[in-house]
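> Encoded as structure tokens, here's the structure I'll be asking about.
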Amino acid sequence: MMGVYSGRLHAVLAVIYRSGTSADDFSKLLAKLQSFIDSHSERTTVPDLFIMGDFNLPLYDWSCGTVDPINVPLYSVMESFIGVNSLSQMVHDPTRGDNYLDLVFTNRPDYVLNATVEDEGISDHKSVYCTLGFNATVEEAETTVRTPGAS
């Protein structure tokens, strides 16, 4: 996992690669990410979240938000993380065969201008390209007005 926080944007960008780890290992990874998110939350303001990567969750049907079979611990961990952070999944095309493995999650779907999937032919996974559009918070510059000859 890699996590980046931008204070100017009040945003967390994180990249996750989940190989065939257990539900416990995945739970620990998401707990570390949650701790990182919480450490950058300001009172009641949660940062804008953009979490992406190869999640390797082939049983999840992202088009309707269900898991088959139901109550698989690994997927319950992910569903809990999604719920706690009010995340939406933005990739709408499969990235390996018929599976949606490479995903983009955000709590600000209005900032995702597009998320496209393209077959570059360099991997067994297709590439995901995501364009974000948001305004940086700009601190107001202090302006001093001086009148020539005035003291």
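In the structure tokens, chains take letters A, B, ... by order of appearance, with residues numbered from 1 within each chain and ligands from 1 in the order shown.
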DSSP on the backbone: what in chain A comes out alpha helix (DSSP H), as a VMD selection string?
chain A and resid 23 to 39 73 to 84
> Give me the residues near Ile37 of chain A as a PyMOL selection string, where near means some atom within 7 Å (using only C-alpha atoms) and where sequence neighbours in that chain fewer than 4 positions away do not count.
chain A and resi 12+33+41
> Write to file, as a compact mmCIF listing (two decimals), in the first residue's frame, the residues of the selection just made, with N, CA and C atoms.

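Saved as part_39.txt:
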```
# COMPACT_ATOMS: atom_id res chain seq x y z
N VAL A 12 -6.67 12.37 0.32
CA VAL A 12 -5.82 11.19 0.47
C VAL A 12 -5.90 10.40 -0.83
N LEU A 33 -4.75 1.71 6.47
CA LEU A 33 -5.23 2.79 5.60
C LEU A 33 -6.26 3.65 6.34
N SER A 41 -7.99 13.54 9.10
CA SER A 41 -9.34 14.09 9.21
C SER A 41 -9.29 15.27 10.17
```
> For Tyr60 of chain A, work out the shell of residues within 10 Å, counting only C-alpha atoms and skipping chain neighbours fewer than 4 positions away, then give it as a list in words.
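Everything that qualifies: Asn56, Cys64, Gly65, Thr66, Val67, Asp68, Pro69, Ile70, Tyr75, Glu79, Asn99, Tyr100 and Leu101 of chain A.
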> Could you write out the selected residues, including all heavy atoms, as an mmCIF file, in the first residue's frame?

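Wrote it out as out.cif, contents follow:
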```
data_model
loop_
_atom_site.group_PDB
_atom_site.id
_atom_site.type_symbol
_atom_site.label_atom_id
_atom_site.label_comp_id
_atom_site.auth_asym_id
_atom_site.auth_seq_id
_atom_site.Cartn_x
_atom_site.Cartn_y
_atom_site.Cartn_z
ATOM 1 N N ASN A 56 -8.139 -7.597 -6.424
ATOM 2 C CA ASN A 56 -8.315 -9.047 -6.592
ATOM 3 C C ASN A 56 -9.514 -9.576 -5.817
ATOM 4 O O ASN A 56 -9.396 -10.476 -4.987
ATOM 5 C CB ASN A 56 -7.039 -9.789 -6.191
ATOM 6 C CG ASN A 56 -6.007 -9.758 -7.287
ATOM 7 O OD1 ASN A 56 -6.316 -10.058 -8.439
ATOM 8 N ND2 ASN A 56 -4.797 -9.365 -6.954
ATOM 9 N N CYS A 64 -23.943 -4.219 -9.206
ATOM 10 C CA CYS A 64 -25.104 -4.171 -8.298
ATOM 11 C C CYS A 64 -24.701 -4.209 -6.828
ATOM 12 O O CYS A 64 -25.549 -4.171 -5.945
ATOM 13 C CB CYS A 64 -26.085 -5.289 -8.617
ATOM 14 S SG CYS A 64 -25.422 -6.943 -8.413
ATOM 15 N N GLY A 65 -23.392 -4.280 -6.545
ATOM 16 C CA GLY A 65 -22.919 -4.219 -5.171
ATOM 17 C C GLY A 65 -23.187 -5.464 -4.348
ATOM 18 O O GLY A 65 -23.475 -5.374 -3.158
ATOM 19 N N THR A 66 -23.072 -6.636 -4.957
ATOM 20 C CA THR A 66 -23.307 -7.877 -4.219
ATOM 21 C C THR A 66 -22.125 -8.834 -4.357
ATOM 22 O O THR A 66 -21.338 -8.735 -5.297
ATOM 23 C CB THR A 66 -24.576 -8.603 -4.725
ATOM 24 O OG1 THR A 66 -24.399 -8.930 -6.102
ATOM 25 C CG2 THR A 66 -25.816 -7.743 -4.526
ATOM 26 N N VAL A 67 -22.047 -9.741 -3.395
ATOM 27 C CA VAL A 67 -21.012 -10.772 -3.396
ATOM 28 C C VAL A 67 -21.696 -12.117 -3.572
ATOM 29 O O VAL A 67 -22.738 -12.378 -2.987
ATOM 30 C CB VAL A 67 -20.237 -10.769 -2.056
ATOM 31 C CG1 VAL A 67 -19.228 -11.904 -2.017
ATOM 32 C CG2 VAL A 67 -19.561 -9.441 -1.836
ATOM 33 N N ASP A 68 -21.100 -12.975 -4.388
ATOM 34 C CA ASP A 68 -21.613 -14.324 -4.557
ATOM 35 C C ASP A 68 -20.464 -15.294 -4.326
ATOM 36 O O ASP A 68 -19.483 -15.268 -5.071
ATOM 37 C CB ASP A 68 -22.173 -14.500 -5.966
ATOM 38 C CG ASP A 68 -22.865 -15.832 -6.139
ATOM 39 O OD1 ASP A 68 -23.391 -16.354 -5.144
ATOM 40 O OD2 ASP A 68 -22.864 -16.344 -7.275
ATOM 41 N N PRO A 69 -20.449 -16.122 -3.348
ATOM 42 C CA PRO A 69 -21.489 -16.319 -2.343
ATOM 43 C C PRO A 69 -21.458 -15.233 -1.255
ATOM 44 O O PRO A 69 -20.440 -14.581 -1.048
ATOM 45 C CB PRO A 69 -21.141 -17.682 -1.745
ATOM 46 C CG PRO A 69 -19.668 -17.802 -1.938
ATOM 47 C CD PRO A 69 -19.340 -17.045 -3.210
ATOM 48 N N ILE A 70 -22.563 -15.080 -0.586
ATOM 49 C CA ILE A 70 -22.712 -14.060 0.461
ATOM 50 C C ILE A 70 -21.914 -14.462 1.704
ATOM 51 O O ILE A 70 -21.701 -15.633 1.977
ATOM 52 C CB ILE A 70 -24.206 -13.893 0.801
ATOM 53 C CG1 ILE A 70 -24.961 -13.412 -0.437
ATOM 54 C CG2 ILE A 70 -24.418 -12.928 1.958
ATOM 55 C CD1 ILE A 70 -26.451 -13.397 -0.295
ATOM 56 N N TYR A 75 -14.637 -10.361 1.684
ATOM 57 C CA TYR A 75 -15.511 -9.358 1.080
ATOM 58 C C TYR A 75 -16.241 -8.546 2.142
ATOM 59 O O TYR A 75 -16.515 -7.358 1.938
ATOM 60 C CB TYR A 75 -16.498 -10.031 0.121
ATOM 61 C CG TYR A 75 -15.782 -10.578 -1.097
ATOM 62 C CD1 TYR A 75 -15.139 -11.813 -1.053
ATOM 63 C CD2 TYR A 75 -15.728 -9.850 -2.270
ATOM 64 C CE1 TYR A 75 -14.465 -12.299 -2.159
ATOM 65 C CE2 TYR A 75 -15.059 -10.331 -3.380
ATOM 66 C CZ TYR A 75 -14.427 -11.563 -3.320
ATOM 67 O OH TYR A 75 -13.752 -12.032 -4.412
ATOM 68 N N GLU A 79 -16.491 -4.553 2.288
ATOM 69 C CA GLU A 79 -17.799 -3.892 2.375
ATOM 70 C C GLU A 79 -17.863 -2.964 3.577
ATOM 71 O O GLU A 79 -18.422 -1.869 3.490
ATOM 72 C CB GLU A 79 -18.920 -4.922 2.434
ATOM 73 C CG GLU A 79 -19.163 -5.591 1.105
ATOM 74 C CD GLU A 79 -20.275 -6.627 1.161
ATOM 75 O OE1 GLU A 79 -20.488 -7.248 2.229
ATOM 76 O OE2 GLU A 79 -20.932 -6.797 0.127
ATOM 77 N N ASN A 99 -13.798 -10.101 -14.910
ATOM 78 C CA ASN A 99 -13.671 -9.655 -13.519
ATOM 79 C C ASN A 99 -13.256 -8.192 -13.405
ATOM 80 O O ASN A 99 -12.450 -7.697 -14.188
ATOM 81 C CB ASN A 99 -12.643 -10.518 -12.781
ATOM 82 C CG ASN A 99 -13.083 -11.961 -12.700
ATOM 83 O OD1 ASN A 99 -14.207 -12.255 -12.374
ATOM 84 N ND2 ASN A 99 -12.172 -12.856 -13.033
ATOM 85 N N TYR A 100 -13.790 -7.556 -12.382
ATOM 86 C CA TYR A 100 -13.441 -6.178 -12.032
ATOM 87 C C TYR A 100 -12.445 -6.260 -10.878
ATOM 88 O O TYR A 100 -12.833 -6.327 -9.720
ATOM 89 C CB TYR A 100 -14.682 -5.410 -11.576
ATOM 90 C CG TYR A 100 -15.732 -5.235 -12.647
ATOM 91 C CD1 TYR A 100 -16.459 -6.316 -13.129
ATOM 92 C CD2 TYR A 100 -16.002 -3.982 -13.155
ATOM 93 C CE1 TYR A 100 -17.426 -6.143 -14.106
ATOM 94 C CE2 TYR A 100 -16.970 -3.793 -14.125
ATOM 95 C CZ TYR A 100 -17.679 -4.884 -14.604
ATOM 96 O OH TYR A 100 -18.633 -4.715 -15.558
ATOM 97 N N LEU A 101 -11.163 -6.298 -11.193
ATOM 98 C CA LEU A 101 -10.135 -6.479 -10.168
ATOM 99 C C LEU A 101 -9.418 -5.174 -9.835
ATOM 100 O O LEU A 101 -9.017 -4.949 -8.696
ATOM 101 C CB LEU A 101 -9.107 -7.518 -10.628
ATOM 102 C CG LEU A 101 -9.658 -8.895 -11.005
ATOM 103 C CD1 LEU A 101 -8.514 -9.801 -11.448
ATOM 104 C CD2 LEU A 101 -10.437 -9.517 -9.871
#
```
> Mind checking which residues fall within 10 Å of Pro94 of chain A, counting only C-alpha atoms, ignoring those fewer than 3 positions away in the same chain, and posting them as JSON, numbers by chain?
{"A": [58, 62, 91, 97, 98, 99, 100, 101, 102, 103, 117, 118, 125, 126, 128]}
> Output N, CA, C and O atoms for every residue in that selection, as a PDB file, in the first residue's frame.

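Heads up, here's the output in again_16.pdb:
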```pdb
ATOM      1  N   PRO A  58     -12.634 -11.046  -7.216  1.00  0.00           N
ATOM      2  CA  PRO A  58     -13.420 -11.432  -8.396  1.00  0.00           C
ATOM      3  C   PRO A  58     -14.865 -11.836  -8.116  1.00  0.00           C
ATOM      4  O   PRO A  58     -15.685 -11.843  -9.033  1.00  0.00           O
ATOM      5  N   TRP A  62     -19.668  -5.536  -8.989  1.00  0.00           N
ATOM      6  CA  TRP A  62     -19.662  -4.094  -8.742  1.00  0.00           C
ATOM      7  C   TRP A  62     -20.820  -3.379  -9.411  1.00  0.00           C
ATOM      8  O   TRP A  62     -21.154  -2.264  -9.032  1.00  0.00           O
ATOM      9  N   VAL A  91     -14.987   2.188 -11.513  1.00  0.00           N
ATOM     10  CA  VAL A  91     -14.604   1.450 -12.723  1.00  0.00           C
ATOM     11  C   VAL A  91     -15.802   0.606 -13.154  1.00  0.00           C
ATOM     12  O   VAL A  91     -16.303  -0.210 -12.380  1.00  0.00           O
ATOM     13  N   GLY A  97     -10.409 -10.538 -17.909  1.00  0.00           N
ATOM     14  CA  GLY A  97     -11.514 -11.421 -18.284  1.00  0.00           C
ATOM     15  C   GLY A  97     -12.833 -10.701 -18.018  1.00  0.00           C
ATOM     16  O   GLY A  97     -13.028  -9.561 -18.435  1.00  0.00           O
ATOM     17  N   ASP A  98     -13.733 -11.373 -17.292  1.00  0.00           N
ATOM     18  CA  ASP A  98     -15.019 -10.760 -16.920  1.00  0.00           C
ATOM     19  C   ASP A  98     -14.984 -10.156 -15.524  1.00  0.00           C
ATOM     20  O   ASP A  98     -16.023  -9.764 -14.991  1.00  0.00           O
ATOM     21  N   ASN A  99     -13.798 -10.101 -14.910  1.00  0.00           N
ATOM     22  CA  ASN A  99     -13.671  -9.655 -13.519  1.00  0.00           C
ATOM     23  C   ASN A  99     -13.256  -8.192 -13.405  1.00  0.00           C
ATOM     24  O   ASN A  99     -12.450  -7.697 -14.188  1.00  0.00           O
ATOM     25  N   TYR A 100     -13.790  -7.556 -12.382  1.00  0.00           N
ATOM     26  CA  TYR A 100     -13.441  -6.178 -12.032  1.00  0.00           C
ATOM     27  C   TYR A 100     -12.445  -6.260 -10.878  1.00  0.00           C
ATOM     28  O   TYR A 100     -12.833  -6.327  -9.720  1.00  0.00           O
ATOM     29  N   LEU A 101     -11.163  -6.298 -11.193  1.00  0.00           N
ATOM     30  CA  LEU A 101     -10.135  -6.479 -10.168  1.00  0.00           C
ATOM     31  C   LEU A 101      -9.418  -5.174  -9.835  1.00  0.00           C
ATOM     32  O   LEU A 101      -9.017  -4.949  -8.696  1.00  0.00           O
ATOM     33  N   ASP A 102      -9.236  -4.329 -10.832  1.00  0.00           N
ATOM     34  CA  ASP A 102      -8.509  -3.064 -10.687  1.00  0.00           C
ATOM     35  C   ASP A 102      -9.556  -1.966 -10.542  1.00  0.00           C
ATOM     36  O   ASP A 102     -10.340  -1.721 -11.463  1.00  0.00           O
ATOM     37  N   LEU A 103      -9.577  -1.338  -9.369  1.00  0.00           N
ATOM     38  CA  LEU A 103     -10.710  -0.500  -8.993  1.00  0.00           C
ATOM     39  C   LEU A 103     -10.281   0.879  -8.528  1.00  0.00           C
ATOM     40  O   LEU A 103      -9.140   1.083  -8.108  1.00  0.00           O
ATOM     41  N   VAL A 117     -11.157   1.985 -19.102  1.00  0.00           N
ATOM     42  CA  VAL A 117     -10.381   0.743 -19.094  1.00  0.00           C
ATOM     43  C   VAL A 117      -9.908   0.500 -20.519  1.00  0.00           C
ATOM     44  O   VAL A 117     -10.712   0.534 -21.459  1.00  0.00           O
ATOM     45  N   GLU A 118      -8.603   0.274 -20.665  1.00  0.00           N
ATOM     46  CA  GLU A 118      -8.034   0.040 -21.994  1.00  0.00           C
ATOM     47  C   GLU A 118      -7.103  -1.160 -21.964  1.00  0.00           C
ATOM     48  O   GLU A 118      -6.370  -1.354 -20.999  1.00  0.00           O
ATOM     49  N   HIS A 125      -3.890  -7.898 -17.088  1.00  0.00           N
ATOM     50  CA  HIS A 125      -4.931  -6.960 -16.653  1.00  0.00           C
ATOM     51  C   HIS A 125      -4.981  -5.798 -17.639  1.00  0.00           C
ATOM     52  O   HIS A 125      -3.956  -5.398 -18.188  1.00  0.00           O
ATOM     53  N   LYS A 126      -6.153  -5.249 -17.821  1.00  0.00           N
ATOM     54  CA  LYS A 126      -6.287  -4.034 -18.617  1.00  0.00           C
ATOM     55  C   LYS A 126      -5.894  -2.844 -17.746  1.00  0.00           C
ATOM     56  O   LYS A 126      -5.930  -2.911 -16.522  1.00  0.00           O
ATOM     57  N   VAL A 128      -6.328   0.963 -16.201  1.00  0.00           N
ATOM     58  CA  VAL A 128      -7.399   1.870 -15.791  1.00  0.00           C
ATOM     59  C   VAL A 128      -6.835   3.283 -15.781  1.00  0.00           C
ATOM     60  O   VAL A 128      -5.782   3.531 -15.182  1.00  0.00           O
TER      61      VAL A 128
END
```
> Using DSSP on the backbone coordinates, identify all residues within chain A classified as strand (DSSP E or B); present the result as a CSV table (one decimal) with N, CA, C and O atoms, in the first residue's frame.

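Result file is out_14.csv:
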```csv
chain,number,residue,atom,x,y,z
A,2,MET,N,0.4,2.3,-0.7
A,2,MET,CA,1.1,3.5,-0.7
A,2,MET,C,0.0,4.6,-0.4
A,2,MET,O,-1.1,4.6,-1.0
A,3,GLY,N,0.2,5.5,0.6
A,3,GLY,CA,-0.7,6.5,0.9
A,3,GLY,C,-0.1,7.9,0.8
A,3,GLY,O,1.1,8.1,1.2
A,4,VAL,N,-0.8,8.8,0.2
A,4,VAL,CA,-0.3,10.2,0.0
A,4,VAL,C,-1.4,11.1,0.5
A,4,VAL,O,-2.5,11.0,0.2
A,5,TYR,N,-1.0,12.1,1.3
A,5,TYR,CA,-1.9,13.1,1.7
A,5,TYR,C,-1.5,14.5,1.2
A,5,TYR,O,-0.3,14.9,1.3
A,6,SER,N,-2.4,15.2,0.6
A,6,SER,CA,-2.2,16.6,0.2
A,6,SER,C,-3.0,17.5,1.1
A,6,SER,O,-4.2,17.5,1.1
A,11,ALA,N,-6.9,15.9,0.7
A,11,ALA,CA,-7.2,14.7,-0.1
A,11,ALA,C,-6.2,13.6,0.3
A,11,ALA,O,-5.0,13.9,0.4
A,12,VAL,N,-6.7,12.4,0.3
A,12,VAL,CA,-5.8,11.2,0.5
A,12,VAL,C,-5.9,10.4,-0.8
A,12,VAL,O,-7.0,10.1,-1.3
A,13,LEU,N,-4.7,10.1,-1.4
A,13,LEU,CA,-4.6,9.2,-2.5
A,13,LEU,C,-3.9,8.0,-2.0
A,13,LEU,O,-2.8,8.1,-1.4
A,14,ALA,N,-4.5,6.8,-2.3
A,14,ALA,CA,-3.9,5.6,-1.8
A,14,ALA,C,-3.9,4.5,-3.0
A,14,ALA,O,-4.8,4.5,-3.7
A,15,VAL,N,-2.8,3.7,-3.0
A,15,VAL,CA,-2.7,2.7,-4.0
A,15,VAL,C,-2.6,1.4,-3.2
A,15,VAL,O,-1.7,1.3,-2.3
A,16,ILE,N,-3.4,0.4,-3.6
A,16,ILE,CA,-3.4,-0.9,-2.9
A,16,ILE,C,-3.1,-2.0,-3.9
A,16,ILE,O,-3.7,-2.0,-5.0
A,17,TYR,N,-2.3,-3.0,-3.6
A,17,TYR,CA,-2.2,-4.2,-4.3
A,17,TYR,C,-2.4,-5.3,-3.3
A,17,TYR,O,-1.7,-5.5,-2.3
A,42,GLU,N,-10.0,16.3,9.8
A,42,GLU,CA,-10.0,17.5,10.7
A,42,GLU,C,-11.4,17.6,11.4
A,42,GLU,O,-12.4,17.8,10.7
A,45,THR,N,-14.4,16.8,9.4
A,45,THR,CA,-14.1,16.9,8.0
A,45,THR,C,-13.2,15.7,7.5
A,45,THR,O,-12.0,15.7,7.9
A,48,ASP,N,-11.0,14.2,1.1
A,48,ASP,CA,-11.5,13.6,-0.1
A,48,ASP,C,-10.6,12.3,-0.3
A,48,ASP,O,-9.4,12.4,-0.2
A,49,LEU,N,-11.2,11.2,-0.6
A,49,LEU,CA,-10.5,9.9,-0.7
A,49,LEU,C,-10.5,9.4,-2.1
A,49,LEU,O,-11.6,9.4,-2.8
A,50,PHE,N,-9.3,9.0,-2.6
A,50,PHE,CA,-9.2,8.4,-3.9
A,50,PHE,C,-8.3,7.2,-3.7
A,50,PHE,O,-7.1,7.3,-3.4
A,51,ILE,N,-8.9,6.0,-3.7
A,51,ILE,CA,-8.2,4.7,-3.3
A,51,ILE,C,-8.3,3.8,-4.5
A,51,ILE,O,-9.4,3.5,-5.0
A,52,MET,N,-7.2,3.4,-5.0
A,52,MET,CA,-7.2,2.7,-6.3
A,52,MET,C,-6.2,1.5,-6.2
A,52,MET,O,-5.3,1.5,-5.3
A,53,GLY,N,-6.3,0.6,-7.1
A,53,GLY,CA,-5.4,-0.5,-7.2
A,53,GLY,C,-6.0,-1.8,-7.6
A,53,GLY,O,-7.1,-1.9,-8.0
A,54,ASP,N,-5.2,-2.9,-7.5
A,54,ASP,CA,-5.6,-4.2,-7.8
A,54,ASP,C,-6.0,-4.9,-6.6
A,54,ASP,O,-5.2,-5.3,-5.7
A,60,TYR,N,-17.0,-10.2,-6.3
A,60,TYR,CA,-17.9,-9.0,-6.1
A,60,TYR,C,-18.4,-8.6,-7.4
A,60,TYR,O,-17.7,-8.4,-8.4
A,61,ASP,N,-19.7,-8.4,-7.5
A,61,ASP,CA,-20.4,-7.8,-8.7
A,61,ASP,C,-20.6,-6.3,-8.4
A,61,ASP,O,-21.5,-5.9,-7.8
A,66,THR,N,-23.1,-6.6,-5.0
A,66,THR,CA,-23.3,-7.9,-4.2
A,66,THR,C,-22.1,-8.8,-4.4
A,66,THR,O,-21.3,-8.7,-5.3
A,67,VAL,N,-22.0,-9.7,-3.4
A,67,VAL,CA,-21.0,-10.8,-3.4
A,67,VAL,C,-21.7,-12.1,-3.6
A,67,VAL,O,-22.7,-12.4,-3.0
A,88,SER,N,-17.7,5.1,-3.3
A,88,SER,CA,-18.3,4.7,-4.5
A,88,SER,C,-17.2,4.1,-5.4
A,88,SER,O,-16.1,4.6,-5.4
A,89,GLN,N,-17.5,3.0,-6.1
A,89,GLN,CA,-16.5,2.3,-7.0
A,89,GLN,C,-16.8,2.9,-8.4
A,89,GLN,O,-17.9,2.9,-8.9
A,96,ARG,N,-9.9,-7.8,-16.1
A,96,ARG,CA,-9.2,-9.1,-16.4
A,96,ARG,C,-10.3,-10.1,-16.7
A,96,ARG,O,-11.1,-10.5,-15.8
A,99,ASN,N,-13.8,-10.1,-14.9
A,99,ASN,CA,-13.7,-9.7,-13.5
A,99,ASN,C,-13.3,-8.2,-13.4
A,99,ASN,O,-12.4,-7.7,-14.2
A,102,ASP,N,-9.2,-4.3,-10.8
A,102,ASP,CA,-8.5,-3.1,-10.7
A,102,ASP,C,-9.6,-2.0,-10.5
A,102,ASP,O,-10.3,-1.7,-11.5
A,103,LEU,N,-9.6,-1.3,-9.4
A,103,LEU,CA,-10.7,-0.5,-9.0
A,103,LEU,C,-10.3,0.9,-8.5
A,103,LEU,O,-9.1,1.1,-8.1
A,104,VAL,N,-11.2,1.8,-8.6
A,104,VAL,CA,-11.0,3.2,-8.1
A,104,VAL,C,-12.2,3.5,-7.2
A,104,VAL,O,-13.4,3.4,-7.6
A,105,PHE,N,-11.9,3.8,-5.9
A,105,PHE,CA,-12.9,4.2,-4.9
A,105,PHE,C,-12.8,5.6,-4.5
A,105,PHE,O,-11.6,6.1,-4.4
A,106,THR,N,-13.9,6.3,-4.3
A,106,THR,CA,-13.8,7.7,-3.8
A,106,THR,C,-15.1,8.0,-3.0
A,106,THR,O,-16.1,7.4,-3.2
A,112,VAL,N,-14.6,12.7,-10.1
A,112,VAL,CA,-14.1,11.7,-11.1
A,112,VAL,C,-14.8,12.1,-12.4
A,112,VAL,O,-15.9,11.8,-12.6
A,113,LEU,N,-14.0,12.7,-13.3
A,113,LEU,CA,-14.5,13.1,-14.6
A,113,LEU,C,-14.7,11.9,-15.5
A,113,LEU,O,-15.7,11.9,-16.3
A,114,ASN,N,-13.8,10.9,-15.4
A,114,ASN,CA,-14.0,9.7,-16.2
A,114,ASN,C,-13.0,8.6,-15.6
A,114,ASN,O,-12.0,9.0,-15.0
A,115,ALA,N,-13.4,7.4,-15.8
A,115,ALA,CA,-12.6,6.3,-15.5
A,115,ALA,C,-12.7,5.3,-16.7
A,115,ALA,O,-13.8,4.8,-16.9
A,116,THR,N,-11.6,5.1,-17.4
A,116,THR,CA,-11.7,4.3,-18.6
A,116,THR,C,-10.8,3.0,-18.4
A,116,THR,O,-9.8,3.1,-17.7
A,117,VAL,N,-11.2,2.0,-19.1
A,117,VAL,CA,-10.4,0.7,-19.1
A,117,VAL,C,-9.9,0.5,-20.5
A,117,VAL,O,-10.7,0.5,-21.5
A,118,GLU,N,-8.6,0.3,-20.7
A,118,GLU,CA,-8.0,0.0,-22.0
A,118,GLU,C,-7.1,-1.2,-22.0
A,118,GLU,O,-6.4,-1.4,-21.0
A,127,SER,N,-5.5,-1.8,-18.4
A,127,SER,CA,-5.1,-0.5,-17.7
A,127,SER,C,-6.4,0.3,-17.3
A,127,SER,O,-7.3,0.3,-18.1
A,128,VAL,N,-6.3,1.0,-16.2
A,128,VAL,CA,-7.4,1.9,-15.8
A,128,VAL,C,-6.8,3.3,-15.8
A,128,VAL,O,-5.8,3.5,-15.2
A,129,TYR,N,-7.5,4.2,-16.5
A,129,TYR,CA,-7.2,5.6,-16.5
A,129,TYR,C,-8.3,6.4,-15.8
A,129,TYR,O,-9.4,6.2,-16.2
A,130,CYS,N,-7.9,7.2,-14.9
A,130,CYS,CA,-8.9,8.0,-14.2
A,130,CYS,C,-8.5,9.5,-14.2
A,130,CYS,O,-7.4,9.8,-13.9
A,131,THR,N,-9.5,10.3,-14.6
A,131,THR,CA,-9.2,11.8,-14.6
A,131,THR,C,-10.0,12.4,-13.4
A,131,THR,O,-11.2,12.2,-13.3
A,132,LEU,N,-9.3,13.1,-12.6
A,132,LEU,CA,-9.9,13.8,-11.5
A,132,LEU,C,-10.0,15.3,-11.8
A,132,LEU,O,-9.1,15.9,-12.3
```
> List as a ChimeraX atom specification the protein and nucleic acid residues near Ala31 of chain A, meaning an atom at most 12 Å away when only C-alpha atoms are counted, but skip any in the same chain fewer than 4 places from it.
/A:1,23-27,35-38,77-78,80-81,84
> In Å, rounded to a single decimal, give me how far atom CA of Ser19 of chain A is from atom CA of Ile122 of chain A.
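Result for atom CA of Ile122 of chain A versus atom CA of Ser19 of chain A: 19.0 Å, one decimal.
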> Any idea what the distance is between atom CA of Ile82 of chain A and atom CA of Asn107 of chain A?
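Taking atom CA of Ile82 of chain A and atom CA of Asn107 of chain A, their separation equals 9.1 Å.
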> To one decimal place, how far is atom CA of Gln34 of chain A from atom CA of Ser86 of chain A in Å?
12.5 Å
> Pick the closest to Thr21 of chain A from A:Asn85, A:Leu74, A:Thr44, A:Gly121: which is it, counting only C-alpha atoms?
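Of the candidates, the smallest distance to Thr21 of chain A is held by A:Leu74.
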> Restricting the calculation to only C-alpha atoms: of A:Leu30, A:Leu59, A:Val72, A:Val46, which residue gets closest to Leu9 of chain A?
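Selected residue with least distance to Leu9 of chain A: A:Val46.
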